[in-house]
$ cat structure.cif   # mmCIF, N, CA and C atoms
data_my_file
loop_
_atom_site.label_atom_id
_atom_site.label_comp_id
_atom_site.auth_asym_id
_atom_site.auth_seq_id
_atom_site.Cartn_x
_atom_site.Cartn_y
_atom_site.Cartn_z
N MET A 15 -17.85 6.85 13.35
CA MET A 15 -16.72 6.41 12.53
C MET A 15 -17.13 5.24 11.64
N GLY A 16 -18.36 5.16 11.23
CA GLY A 16 -18.78 4.16 10.27
C GLY A 16 -18.57 2.73 10.69
N GLY A 17 -18.94 2.39 11.93
CA GLY A 17 -18.88 1.01 12.38
C GLY A 17 -17.55 0.61 12.99
N MET A 18 -16.54 1.45 12.92
CA MET A 18 -15.27 1.11 13.54
C MET A 18 -15.30 1.49 15.00
N THR A 19 -14.65 0.70 15.82
CA THR A 19 -14.61 1.02 17.23
C THR A 19 -13.51 2.04 17.49
N HIS A 20 -13.77 2.90 18.44
CA HIS A 20 -12.80 3.93 18.80
C HIS A 20 -11.79 3.31 19.76
N ASN A 21 -10.52 3.49 19.48
CA ASN A 21 -9.46 2.96 20.32
C ASN A 21 -9.06 4.04 21.32
N LEU A 22 -9.42 3.85 22.58
CA LEU A 22 -9.13 4.85 23.60
C LEU A 22 -7.64 4.91 23.95
N LEU A 23 -6.90 3.86 23.62
CA LEU A 23 -5.49 3.80 24.00
C LEU A 23 -4.53 4.19 22.87
N GLY A 24 -5.05 4.39 21.68
CA GLY A 24 -4.15 4.67 20.58
C GLY A 24 -4.74 5.67 19.61
N PRO A 25 -4.01 5.92 18.54
CA PRO A 25 -4.45 6.92 17.56
C PRO A 25 -5.67 6.45 16.78
N GLU A 26 -6.39 7.42 16.27
CA GLU A 26 -7.51 7.13 15.37
C GLU A 26 -6.97 6.48 14.10
N PRO A 27 -7.77 5.65 13.44
CA PRO A 27 -7.35 5.10 12.15
C PRO A 27 -7.10 6.23 11.15
N THR A 28 -6.10 6.05 10.31
CA THR A 28 -5.79 7.03 9.28
C THR A 28 -6.48 6.63 7.99
N MET A 29 -7.18 7.58 7.41
CA MET A 29 -7.90 7.35 6.17
C MET A 29 -7.32 8.27 5.10
N LEU A 30 -6.73 7.68 4.09
CA LEU A 30 -6.19 8.48 2.99
C LEU A 30 -7.32 9.07 2.16
N PRO A 31 -7.06 10.21 1.53
CA PRO A 31 -8.10 10.83 0.71
C PRO A 31 -8.37 10.04 -0.57
N GLU A 32 -9.55 10.25 -1.11
CA GLU A 32 -9.93 9.63 -2.38
C GLU A 32 -9.10 10.25 -3.51
N HIS A 33 -8.80 9.44 -4.50
CA HIS A 33 -8.18 9.89 -5.76
C HIS A 33 -9.16 9.48 -6.85
N THR A 34 -10.25 10.20 -6.92
CA THR A 34 -11.39 9.79 -7.75
C THR A 34 -11.02 9.54 -9.20
N ALA A 35 -10.34 10.47 -9.83
CA ALA A 35 -10.01 10.33 -11.26
C ALA A 35 -9.07 9.15 -11.49
N ALA A 36 -8.05 9.03 -10.66
CA ALA A 36 -7.09 7.94 -10.82
C ALA A 36 -7.76 6.59 -10.56
N GLN A 37 -8.58 6.53 -9.52
CA GLN A 37 -9.27 5.28 -9.20
C GLN A 37 -10.22 4.89 -10.33
N ALA A 38 -10.94 5.86 -10.87
CA ALA A 38 -11.85 5.58 -11.98
C ALA A 38 -11.08 5.07 -13.20
N ALA A 39 -9.90 5.64 -13.46
CA ALA A 39 -9.09 5.21 -14.60
C ALA A 39 -8.64 3.76 -14.42
N LEU A 40 -8.19 3.40 -13.23
CA LEU A 40 -7.78 2.01 -12.98
C LEU A 40 -8.98 1.08 -13.07
N ASP A 41 -10.08 1.47 -12.44
CA ASP A 41 -11.28 0.63 -12.43
C ASP A 41 -11.83 0.41 -13.83
N ALA A 42 -11.58 1.37 -14.74
CA ALA A 42 -12.04 1.26 -16.12
C ALA A 42 -11.12 0.37 -16.96
N GLY A 43 -10.03 -0.13 -16.35
CA GLY A 43 -9.13 -1.02 -17.05
C GLY A 43 -7.97 -0.35 -17.75
N ASN A 44 -7.74 0.93 -17.46
CA ASN A 44 -6.59 1.62 -18.05
C ASN A 44 -5.29 0.99 -17.53
N ASP A 45 -4.27 1.04 -18.36
CA ASP A 45 -2.95 0.51 -18.00
C ASP A 45 -2.43 1.22 -16.75
N PRO A 46 -2.05 0.47 -15.72
CA PRO A 46 -1.53 1.11 -14.50
C PRO A 46 -0.34 2.02 -14.76
N ALA A 47 0.47 1.73 -15.79
CA ALA A 47 1.61 2.60 -16.11
C ALA A 47 1.12 3.96 -16.58
N THR A 48 0.06 3.97 -17.36
CA THR A 48 -0.52 5.23 -17.82
C THR A 48 -1.11 6.00 -16.65
N VAL A 49 -1.82 5.28 -15.78
CA VAL A 49 -2.42 5.93 -14.60
C VAL A 49 -1.32 6.49 -13.69
N ALA A 50 -0.24 5.72 -13.48
CA ALA A 50 0.86 6.20 -12.64
C ALA A 50 1.52 7.44 -13.26
N ALA A 51 1.66 7.46 -14.57
CA ALA A 51 2.26 8.62 -15.24
C ALA A 51 1.37 9.85 -15.12
N GLU A 52 0.07 9.64 -15.18
CA GLU A 52 -0.86 10.77 -15.10
C GLU A 52 -1.14 11.19 -13.65
N HIS A 53 -0.99 10.25 -12.72
CA HIS A 53 -1.26 10.49 -11.30
C HIS A 53 -0.12 9.87 -10.48
N PRO A 54 1.08 10.46 -10.53
CA PRO A 54 2.24 9.82 -9.90
C PRO A 54 2.15 9.68 -8.39
N ASP A 55 1.20 10.36 -7.76
CA ASP A 55 1.06 10.22 -6.31
C ASP A 55 0.03 9.15 -5.93
N TYR A 56 -0.50 8.42 -6.90
CA TYR A 56 -1.55 7.43 -6.65
C TYR A 56 -0.92 6.06 -6.40
N SER A 57 -0.83 5.68 -5.15
CA SER A 57 -0.16 4.43 -4.75
C SER A 57 -0.77 3.19 -5.38
N GLU A 58 -2.08 3.20 -5.61
CA GLU A 58 -2.71 2.00 -6.15
C GLU A 58 -2.19 1.67 -7.55
N ALA A 59 -1.90 2.68 -8.36
CA ALA A 59 -1.34 2.41 -9.68
C ALA A 59 0.04 1.76 -9.55
N TRP A 60 0.86 2.28 -8.65
CA TRP A 60 2.19 1.70 -8.41
C TRP A 60 2.08 0.29 -7.85
N ALA A 61 1.11 0.07 -6.96
CA ALA A 61 0.91 -1.27 -6.41
C ALA A 61 0.51 -2.25 -7.51
N SER A 62 -0.36 -1.81 -8.42
CA SER A 62 -0.76 -2.67 -9.54
C SER A 62 0.44 -3.03 -10.41
N LEU A 63 1.27 -2.05 -10.71
CA LEU A 63 2.48 -2.30 -11.48
C LEU A 63 3.39 -3.29 -10.75
N ALA A 64 3.54 -3.09 -9.45
CA ALA A 64 4.41 -3.96 -8.65
C ALA A 64 3.88 -5.39 -8.62
N GLU A 65 2.57 -5.55 -8.44
CA GLU A 65 1.99 -6.90 -8.41
C GLU A 65 2.17 -7.60 -9.75
N LYS A 66 1.95 -6.88 -10.85
CA LYS A 66 2.12 -7.48 -12.19
C LYS A 66 3.57 -7.89 -12.41
N ALA A 67 4.50 -7.02 -12.01
CA ALA A 67 5.92 -7.35 -12.18
C ALA A 67 6.30 -8.57 -11.33
N LEU A 68 5.82 -8.62 -10.11
CA LEU A 68 6.14 -9.76 -9.24
C LEU A 68 5.57 -11.05 -9.83
N ASP A 69 4.33 -10.99 -10.32
CA ASP A 69 3.71 -12.17 -10.93
C ASP A 69 4.47 -12.63 -12.16
N ALA A 70 5.12 -11.69 -12.87
CA ALA A 70 5.88 -12.01 -14.08
C ALA A 70 7.32 -12.44 -13.77
N GLY A 71 7.68 -12.49 -12.48
CA GLY A 71 9.03 -12.87 -12.10
C GLY A 71 10.04 -11.75 -12.20
N GLU A 72 9.57 -10.53 -12.37
CA GLU A 72 10.45 -9.36 -12.48
C GLU A 72 10.60 -8.73 -11.09
N THR A 73 11.35 -9.40 -10.24
CA THR A 73 11.43 -9.03 -8.83
C THR A 73 12.00 -7.64 -8.60
N VAL A 74 13.05 -7.27 -9.31
CA VAL A 74 13.67 -5.96 -9.10
C VAL A 74 12.71 -4.85 -9.54
N ALA A 75 12.03 -5.03 -10.67
CA ALA A 75 11.05 -4.05 -11.11
C ALA A 75 9.90 -3.96 -10.08
N ALA A 76 9.46 -5.10 -9.59
CA ALA A 76 8.39 -5.12 -8.57
C ALA A 76 8.83 -4.35 -7.34
N TYR A 77 10.05 -4.56 -6.92
CA TYR A 77 10.60 -3.86 -5.76
C TYR A 77 10.59 -2.35 -5.99
N ALA A 78 11.03 -1.93 -7.17
CA ALA A 78 11.10 -0.49 -7.48
C ALA A 78 9.70 0.13 -7.53
N TYR A 79 8.78 -0.52 -8.21
CA TYR A 79 7.41 -0.01 -8.27
C TYR A 79 6.80 0.05 -6.87
N ALA A 80 6.99 -1.02 -6.11
CA ALA A 80 6.42 -1.08 -4.76
C ALA A 80 7.02 -0.01 -3.86
N ARG A 81 8.32 0.21 -3.98
CA ARG A 81 8.98 1.23 -3.16
C ARG A 81 8.41 2.62 -3.50
N THR A 82 8.15 2.88 -4.76
CA THR A 82 7.55 4.16 -5.16
C THR A 82 6.16 4.31 -4.57
N GLY A 83 5.32 3.30 -4.73
CA GLY A 83 3.96 3.36 -4.19
C GLY A 83 3.95 3.49 -2.68
N TYR A 84 4.86 2.79 -2.03
CA TYR A 84 4.99 2.85 -0.58
C TYR A 84 5.35 4.27 -0.12
N HIS A 85 6.35 4.88 -0.76
CA HIS A 85 6.78 6.22 -0.34
C HIS A 85 5.72 7.28 -0.65
N ARG A 86 5.04 7.15 -1.79
CA ARG A 86 3.95 8.08 -2.09
C ARG A 86 2.86 7.96 -1.03
N GLY A 87 2.56 6.74 -0.63
CA GLY A 87 1.56 6.51 0.40
C GLY A 87 1.99 7.03 1.77
N LEU A 88 3.26 6.83 2.11
CA LEU A 88 3.76 7.36 3.39
C LEU A 88 3.60 8.87 3.45
N ASP A 89 3.94 9.54 2.37
CA ASP A 89 3.79 11.00 2.32
C ASP A 89 2.34 11.39 2.58
N GLN A 90 1.43 10.69 1.95
CA GLN A 90 0.01 11.00 2.11
C GLN A 90 -0.49 10.65 3.52
N LEU A 91 -0.01 9.55 4.07
CA LEU A 91 -0.39 9.20 5.45
C LEU A 91 0.03 10.30 6.42
N ARG A 92 1.24 10.78 6.25
CA ARG A 92 1.73 11.84 7.14
C ARG A 92 0.90 13.11 6.99
N ARG A 93 0.56 13.46 5.75
CA ARG A 93 -0.29 14.63 5.53
C ARG A 93 -1.68 14.43 6.13
N ALA A 94 -2.13 13.18 6.23
CA ALA A 94 -3.45 12.88 6.80
C ALA A 94 -3.41 12.79 8.33
N GLY A 95 -2.23 13.03 8.93
CA GLY A 95 -2.12 13.08 10.38
C GLY A 95 -1.50 11.86 11.03
N TRP A 96 -1.08 10.88 10.24
CA TRP A 96 -0.47 9.66 10.77
C TRP A 96 0.90 10.02 11.36
N LYS A 97 1.20 9.49 12.55
CA LYS A 97 2.43 9.84 13.27
C LYS A 97 3.47 8.73 13.23
N GLY A 98 3.32 7.78 12.33
CA GLY A 98 4.30 6.70 12.25
C GLY A 98 3.83 5.40 12.87
N PHE A 99 2.62 5.39 13.40
CA PHE A 99 2.05 4.17 13.97
C PHE A 99 0.54 4.34 14.03
N GLY A 100 -0.12 3.23 14.24
CA GLY A 100 -1.57 3.27 14.35
C GLY A 100 -2.23 2.65 13.14
N PRO A 101 -3.53 2.40 13.27
CA PRO A 101 -4.26 1.68 12.23
C PRO A 101 -4.36 2.44 10.90
N VAL A 102 -4.20 1.67 9.83
CA VAL A 102 -4.42 2.13 8.46
C VAL A 102 -5.38 1.09 7.86
N PRO A 103 -6.68 1.30 8.02
CA PRO A 103 -7.65 0.24 7.70
C PRO A 103 -7.70 -0.17 6.22
N TRP A 104 -7.63 -1.48 6.01
CA TRP A 104 -7.74 -2.07 4.69
C TRP A 104 -9.11 -1.79 4.07
N ALA A 105 -10.15 -1.76 4.86
CA ALA A 105 -11.51 -1.59 4.35
C ALA A 105 -11.72 -0.25 3.64
N HIS A 106 -10.87 0.73 3.91
CA HIS A 106 -10.96 2.05 3.26
C HIS A 106 -10.18 1.98 1.95
N ARG A 107 -10.87 1.93 0.84
CA ARG A 107 -10.23 1.70 -0.47
C ARG A 107 -9.01 2.58 -0.73
N PRO A 108 -9.04 3.89 -0.43
CA PRO A 108 -7.84 4.70 -0.70
C PRO A 108 -6.59 4.23 0.06
N ASN A 109 -6.75 3.50 1.16
CA ASN A 109 -5.60 2.97 1.89
C ASN A 109 -5.00 1.75 1.21
N GLN A 110 -5.78 1.07 0.39
CA GLN A 110 -5.34 -0.21 -0.16
C GLN A 110 -4.13 -0.12 -1.07
N GLY A 111 -3.99 0.97 -1.82
CA GLY A 111 -2.82 1.10 -2.69
C GLY A 111 -1.53 1.11 -1.88
N PHE A 112 -1.52 1.90 -0.81
CA PHE A 112 -0.35 1.94 0.07
C PHE A 112 -0.08 0.56 0.67
N LEU A 113 -1.13 -0.07 1.18
CA LEU A 113 -0.97 -1.37 1.85
C LEU A 113 -0.54 -2.45 0.85
N ARG A 114 -1.07 -2.43 -0.35
CA ARG A 114 -0.66 -3.39 -1.38
C ARG A 114 0.79 -3.15 -1.78
N ALA A 115 1.20 -1.89 -1.91
CA ALA A 115 2.60 -1.58 -2.24
C ALA A 115 3.52 -2.07 -1.13
N LEU A 116 3.12 -1.87 0.11
CA LEU A 116 3.91 -2.36 1.25
C LEU A 116 4.06 -3.87 1.20
N ALA A 117 2.98 -4.57 0.87
CA ALA A 117 3.02 -6.03 0.79
C ALA A 117 3.97 -6.51 -0.31
N VAL A 118 3.89 -5.90 -1.49
CA VAL A 118 4.77 -6.31 -2.58
C VAL A 118 6.21 -5.95 -2.26
N LEU A 119 6.43 -4.82 -1.61
CA LEU A 119 7.79 -4.46 -1.20
C LEU A 119 8.36 -5.55 -0.30
N GLY A 120 7.55 -6.01 0.64
CA GLY A 120 8.00 -7.08 1.53
C GLY A 120 8.28 -8.37 0.77
N LYS A 121 7.37 -8.76 -0.11
CA LYS A 121 7.56 -10.00 -0.87
C LYS A 121 8.80 -9.92 -1.75
N ALA A 122 8.98 -8.80 -2.44
CA ALA A 122 10.14 -8.64 -3.31
C ALA A 122 11.43 -8.61 -2.49
N ALA A 123 11.39 -7.93 -1.36
CA ALA A 123 12.57 -7.90 -0.48
C ALA A 123 12.95 -9.32 -0.05
N GLY A 124 11.96 -10.12 0.28
CA GLY A 124 12.23 -11.50 0.67
C GLY A 124 12.87 -12.29 -0.46
N LYS A 125 12.42 -12.06 -1.69
CA LYS A 125 12.95 -12.79 -2.84
C LYS A 125 14.39 -12.40 -3.17
N ILE A 126 14.79 -11.17 -2.84
CA ILE A 126 16.17 -10.77 -3.14
C ILE A 126 17.08 -10.88 -1.91
N GLY A 127 16.56 -11.50 -0.85
CA GLY A 127 17.39 -11.77 0.31
C GLY A 127 17.50 -10.65 1.32
N GLU A 128 16.62 -9.68 1.23
CA GLU A 128 16.61 -8.58 2.21
C GLU A 128 15.71 -8.96 3.38
N ALA A 129 16.23 -9.82 4.25
CA ALA A 129 15.42 -10.38 5.32
C ALA A 129 14.89 -9.31 6.28
N GLU A 130 15.71 -8.33 6.62
CA GLU A 130 15.26 -7.28 7.55
C GLU A 130 14.14 -6.45 6.95
N GLU A 131 14.24 -6.11 5.67
CA GLU A 131 13.21 -5.33 5.00
C GLU A 131 11.93 -6.15 4.88
N TYR A 132 12.06 -7.43 4.55
CA TYR A 132 10.89 -8.32 4.49
C TYR A 132 10.16 -8.30 5.84
N GLU A 133 10.89 -8.49 6.91
CA GLU A 133 10.28 -8.55 8.24
C GLU A 133 9.68 -7.20 8.64
N ARG A 134 10.35 -6.12 8.32
CA ARG A 134 9.82 -4.79 8.63
C ARG A 134 8.50 -4.57 7.91
N CYS A 135 8.45 -4.91 6.64
CA CYS A 135 7.22 -4.74 5.86
C CYS A 135 6.10 -5.63 6.39
N ARG A 136 6.44 -6.88 6.70
CA ARG A 136 5.45 -7.83 7.22
C ARG A 136 4.84 -7.31 8.52
N THR A 137 5.69 -6.83 9.42
CA THR A 137 5.23 -6.31 10.71
C THR A 137 4.41 -5.03 10.52
N PHE A 138 4.89 -4.14 9.67
CA PHE A 138 4.21 -2.87 9.41
C PHE A 138 2.81 -3.14 8.84
N LEU A 139 2.71 -4.08 7.92
CA LEU A 139 1.42 -4.41 7.31
C LEU A 139 0.46 -4.97 8.36
N ALA A 140 0.93 -5.91 9.17
CA ALA A 140 0.08 -6.50 10.20
C ALA A 140 -0.33 -5.47 11.25
N ASP A 141 0.59 -4.57 11.60
CA ASP A 141 0.28 -3.52 12.57
C ASP A 141 -0.71 -2.51 12.00
N SER A 142 -0.65 -2.29 10.69
CA SER A 142 -1.57 -1.34 10.05
C SER A 142 -2.99 -1.88 10.07
N ASP A 143 -3.15 -3.14 9.69
CA ASP A 143 -4.44 -3.82 9.70
C ASP A 143 -4.22 -5.29 9.39
N PRO A 144 -4.52 -6.18 10.33
CA PRO A 144 -4.38 -7.62 10.06
C PRO A 144 -5.14 -8.06 8.80
N ALA A 145 -6.23 -7.38 8.48
CA ALA A 145 -6.99 -7.72 7.26
C ALA A 145 -6.14 -7.46 6.01
N ALA A 146 -5.25 -6.49 6.05
CA ALA A 146 -4.36 -6.20 4.92
C ALA A 146 -3.37 -7.33 4.73
N ALA A 147 -2.83 -7.84 5.82
CA ALA A 147 -1.90 -8.96 5.73
C ALA A 147 -2.61 -10.18 5.15
N GLU A 148 -3.83 -10.41 5.57
CA GLU A 148 -4.62 -11.54 5.06
C GLU A 148 -4.92 -11.36 3.58
N ALA A 149 -5.38 -10.17 3.19
CA ALA A 149 -5.78 -9.92 1.81
C ALA A 149 -4.61 -9.97 0.83
N THR A 150 -3.44 -9.56 1.27
CA THR A 150 -2.28 -9.50 0.37
C THR A 150 -1.39 -10.74 0.45
N GLY A 151 -1.62 -11.57 1.44
CA GLY A 151 -0.82 -12.78 1.57
C GLY A 151 0.55 -12.57 2.20
N LEU A 152 0.80 -11.42 2.80
CA LEU A 152 2.08 -11.19 3.47
C LEU A 152 1.82 -11.29 4.98
N LYS A 153 2.02 -12.50 5.49
CA LYS A 153 1.71 -12.74 6.91
C LYS A 153 2.92 -13.24 7.65
#

$ encode --input "structure.cif" --output "structure tokens"
Amino acid sequence: MGGMTHNLLGPEPTMLPEHTAAQAALDAGNDPATVAAEHPDYSEAWASLAEKALDAGETVAAYAYARTGYHRGLDQLRRAGWKGFGPVPWAHRPNQGFLRALAVLGKAAGKIGEAEEYERCRTFLADSDPAAAEATGLK
């Protein structure tokens, strides 16, 4: 498993599939809105849009973008065999879009006073991978 330890008491880590074309488009500096329009199931494009909106003080837009990226990622996690719990490693780049969207969803929820949603996202992120909580600042 590429250096990861096998957890005998829980599920295997879930690894989302690569989105090579979409990832290459984002990495090349294409506008995340264009990438999201061309690859609407690519969570990383939605996460990028959500992060930019949050940084610009557009909390409701950030929430909406993050919610989209989060749900697209959940669908893909389930298709990859995830049963609603277990590790979603940050180190696997295709997982990062989902995890980043989850983090922005939590941050935006906190800013609009949705305390339960903030806490759910914070816990979900930490349970998925503590490194994701560290990397995204939602701890």

$ closest_residue --input "structure.cif" --among "A:Ala129, A:Ala70, A:Leu113, A:Ala47" --to "Leu30 (chain A)" --atoms "only C-alpha atoms"
A:Leu113

$ atom_distance --input "structure.cif" --atom1 "atom C of Thr150 (chain A)" --atom2 "atom C of Ala105 (chain A)"
15.1 Å

$ closest_residue --input "structure.cif" --among "A:Thr82, A:Glu133, A:His106, A:Ser142" --to "Ser57 (chain A)" --atoms "only N, CA and C atoms"
A:Thr82

$ resolve_selection --input "structure.cif" --expression "the PyMOL selection byres (((chain A and resi 56 and name CA) around 10) and name CA)" --output "list of chain:residue names"
A:Glu32, A:His33, A:Ala36, A:Gln37, A:Val49, A:Ala50, A:Ala51, A:Glu52, A:His53, A:Pro54, A:Asp55, A:Ser57, A:Glu58, A:Ala59, A:Trp60, A:Ala61, A:Thr82, A:Gly83, A:Arg86, A:Gly87, A:Gln90, A:Pro108, A:Gly111, A:Phe112

$ residues_near_point --input "structure.cif" --point "(6.7, -4.4, -6.1)" --cutoff "5 Å" --atoms "all atoms listed in the file" --output "ChimeraX atom specification"
/A:64-65,76-77,79-80,118-119

$ decode --input "structure.cif" --residues "region 41-128 of chain A" --atoms "C-alpha atoms" --output "PDB file, in the first residue's frame"
ATOM      1  CA  ASP A  41      -2.159  22.808 -12.687  1.00  0.00           C
ATOM      2  CA  ALA A  42      -1.652  24.747 -15.945  1.00  0.00           C
ATOM      3  CA  GLY A  43      -3.362  27.758 -14.353  1.00  0.00           C
ATOM      4  CA  ASN A  44      -6.739  27.519 -16.066  1.00  0.00           C
ATOM      5  CA  ASP A  45      -9.604  29.313 -14.324  1.00  0.00           C
ATOM      6  CA  PRO A  46     -11.209  26.913 -11.815  1.00  0.00           C
ATOM      7  CA  ALA A  47     -14.659  28.019 -13.062  1.00  0.00           C
ATOM      8  CA  THR A  48     -13.758  26.859 -16.565  1.00  0.00           C
ATOM      9  CA  VAL A  49     -12.370  23.589 -15.221  1.00  0.00           C
ATOM     10  CA  ALA A  50     -15.511  23.039 -13.096  1.00  0.00           C
ATOM     11  CA  ALA A  51     -17.727  23.710 -16.123  1.00  0.00           C
ATOM     12  CA  GLU A  52     -15.761  21.261 -18.257  1.00  0.00           C
ATOM     13  CA  HIS A  53     -15.354  18.674 -15.463  1.00  0.00           C
ATOM     14  CA  PRO A  54     -18.294  19.202 -13.080  1.00  0.00           C
ATOM     15  CA  ASP A  55     -17.443  16.074 -11.080  1.00  0.00           C
ATOM     16  CA  TYR A  56     -13.922  17.335 -10.251  1.00  0.00           C
ATOM     17  CA  SER A  57     -13.991  18.371  -6.583  1.00  0.00           C
ATOM     18  CA  GLU A  58     -10.651  20.155  -6.720  1.00  0.00           C
ATOM     19  CA  ALA A  59     -12.005  22.768  -9.142  1.00  0.00           C
ATOM     20  CA  TRP A  60     -14.961  23.415  -6.810  1.00  0.00           C
ATOM     21  CA  ALA A  61     -12.609  23.558  -3.819  1.00  0.00           C
ATOM     22  CA  SER A  62     -10.454  26.141  -5.622  1.00  0.00           C
ATOM     23  CA  LEU A  63     -13.529  28.244  -6.366  1.00  0.00           C
ATOM     24  CA  ALA A  64     -14.662  27.927  -2.741  1.00  0.00           C
ATOM     25  CA  GLU A  65     -11.257  28.933  -1.353  1.00  0.00           C
ATOM     26  CA  LYS A  66     -11.069  31.980  -3.646  1.00  0.00           C
ATOM     27  CA  ALA A  67     -14.586  33.051  -2.683  1.00  0.00           C
ATOM     28  CA  LEU A  68     -13.857  32.627   1.029  1.00  0.00           C
ATOM     29  CA  ASP A  69     -10.628  34.635   0.694  1.00  0.00           C
ATOM     30  CA  ALA A  70     -12.613  37.390  -1.064  1.00  0.00           C
ATOM     31  CA  GLY A  71     -15.170  37.525   1.766  1.00  0.00           C
ATOM     32  CA  GLU A  72     -17.894  35.938  -0.370  1.00  0.00           C
ATOM     33  CA  THR A  73     -18.993  33.486   2.303  1.00  0.00           C
ATOM     34  CA  VAL A  74     -22.280  32.363   0.748  1.00  0.00           C
ATOM     35  CA  ALA A  75     -20.638  31.719  -2.633  1.00  0.00           C
ATOM     36  CA  ALA A  76     -17.821  29.840  -0.858  1.00  0.00           C
ATOM     37  CA  TYR A  77     -20.406  27.736   0.961  1.00  0.00           C
ATOM     38  CA  ALA A  78     -22.205  26.899  -2.299  1.00  0.00           C
ATOM     39  CA  TYR A  79     -19.023  26.019  -4.185  1.00  0.00           C
ATOM     40  CA  ALA A  80     -17.741  23.959  -1.253  1.00  0.00           C
ATOM     41  CA  ARG A  81     -21.058  22.127  -0.894  1.00  0.00           C
ATOM     42  CA  THR A  82     -20.911  21.190  -4.594  1.00  0.00           C
ATOM     43  CA  GLY A  83     -17.331  19.931  -4.368  1.00  0.00           C
ATOM     44  CA  TYR A  84     -18.126  18.058  -1.169  1.00  0.00           C
ATOM     45  CA  HIS A  85     -21.133  16.254  -2.678  1.00  0.00           C
ATOM     46  CA  ARG A  86     -19.286  15.403  -5.892  1.00  0.00           C
ATOM     47  CA  GLY A  87     -16.505  13.958  -3.753  1.00  0.00           C
ATOM     48  CA  LEU A  88     -18.916  11.990  -1.559  1.00  0.00           C
ATOM     49  CA  ASP A  89     -20.414  10.384  -4.648  1.00  0.00           C
ATOM     50  CA  GLN A  90     -16.960   9.377  -5.835  1.00  0.00           C
ATOM     51  CA  LEU A  91     -15.918   8.096  -2.404  1.00  0.00           C
ATOM     52  CA  ARG A  92     -18.966   5.848  -2.299  1.00  0.00           C
ATOM     53  CA  ARG A  93     -18.231   4.550  -5.799  1.00  0.00           C
ATOM     54  CA  ALA A  94     -14.658   3.841  -4.626  1.00  0.00           C
ATOM     55  CA  GLY A  95     -16.015   1.621  -1.827  1.00  0.00           C
ATOM     56  CA  TRP A  96     -16.134   4.063   1.098  1.00  0.00           C
ATOM     57  CA  LYS A  97     -18.894   3.090   3.562  1.00  0.00           C
ATOM     58  CA  GLY A  98     -19.293   6.409   5.357  1.00  0.00           C
ATOM     59  CA  PHE A  99     -16.244   6.163   7.599  1.00  0.00           C
ATOM     60  CA  GLY A 100     -12.574   5.380   7.465  1.00  0.00           C
ATOM     61  CA  PRO A 101      -9.440   7.069   6.224  1.00  0.00           C
ATOM     62  CA  VAL A 102      -9.406   9.354   3.193  1.00  0.00           C
ATOM     63  CA  PRO A 103      -5.670  10.132   2.974  1.00  0.00           C
ATOM     64  CA  TRP A 104      -4.591  13.703   2.275  1.00  0.00           C
ATOM     65  CA  ALA A 105      -1.337  12.478   0.697  1.00  0.00           C
ATOM     66  CA  HIS A 106      -3.311  11.043  -2.268  1.00  0.00           C
ATOM     67  CA  ARG A 107      -3.763  14.098  -4.521  1.00  0.00           C
ATOM     68  CA  PRO A 108      -7.173  13.041  -5.949  1.00  0.00           C
ATOM     69  CA  ASN A 109      -8.558  13.034  -2.371  1.00  0.00           C
ATOM     70  CA  GLN A 110      -7.447  16.608  -1.732  1.00  0.00           C
ATOM     71  CA  GLY A 111     -10.241  18.286  -3.696  1.00  0.00           C
ATOM     72  CA  PHE A 112     -12.890  16.576  -1.583  1.00  0.00           C
ATOM     73  CA  LEU A 113     -11.000  17.290   1.642  1.00  0.00           C
ATOM     74  CA  ARG A 114     -10.403  20.945   0.711  1.00  0.00           C
ATOM     75  CA  ALA A 115     -14.098  21.364  -0.167  1.00  0.00           C
ATOM     76  CA  LEU A 116     -15.036  19.830   3.185  1.00  0.00           C
ATOM     77  CA  ALA A 117     -12.720  22.272   4.970  1.00  0.00           C
ATOM     78  CA  VAL A 118     -14.141  25.338   3.214  1.00  0.00           C
ATOM     79  CA  LEU A 119     -17.672  24.092   3.842  1.00  0.00           C
ATOM     80  CA  GLY A 120     -16.843  23.955   7.535  1.00  0.00           C
ATOM     81  CA  LYS A 121     -15.204  27.382   7.564  1.00  0.00           C
ATOM     82  CA  ALA A 122     -18.073  28.992   5.650  1.00  0.00           C
ATOM     83  CA  ALA A 123     -20.648  27.273   7.873  1.00  0.00           C
ATOM     84  CA  GLY A 124     -18.877  28.710  10.909  1.00  0.00           C
ATOM     85  CA  LYS A 125     -18.944  32.212   9.419  1.00  0.00           C
ATOM     86  CA  ILE A 126     -22.706  32.091   8.792  1.00  0.00           C
ATOM     87  CA  GLY A 127     -23.469  30.702  12.243  1.00  0.00           C
ATOM     88  CA  GLU A 128     -24.104  27.073  11.341  1.00  0.00           C
TER      89      GLU A 128
END
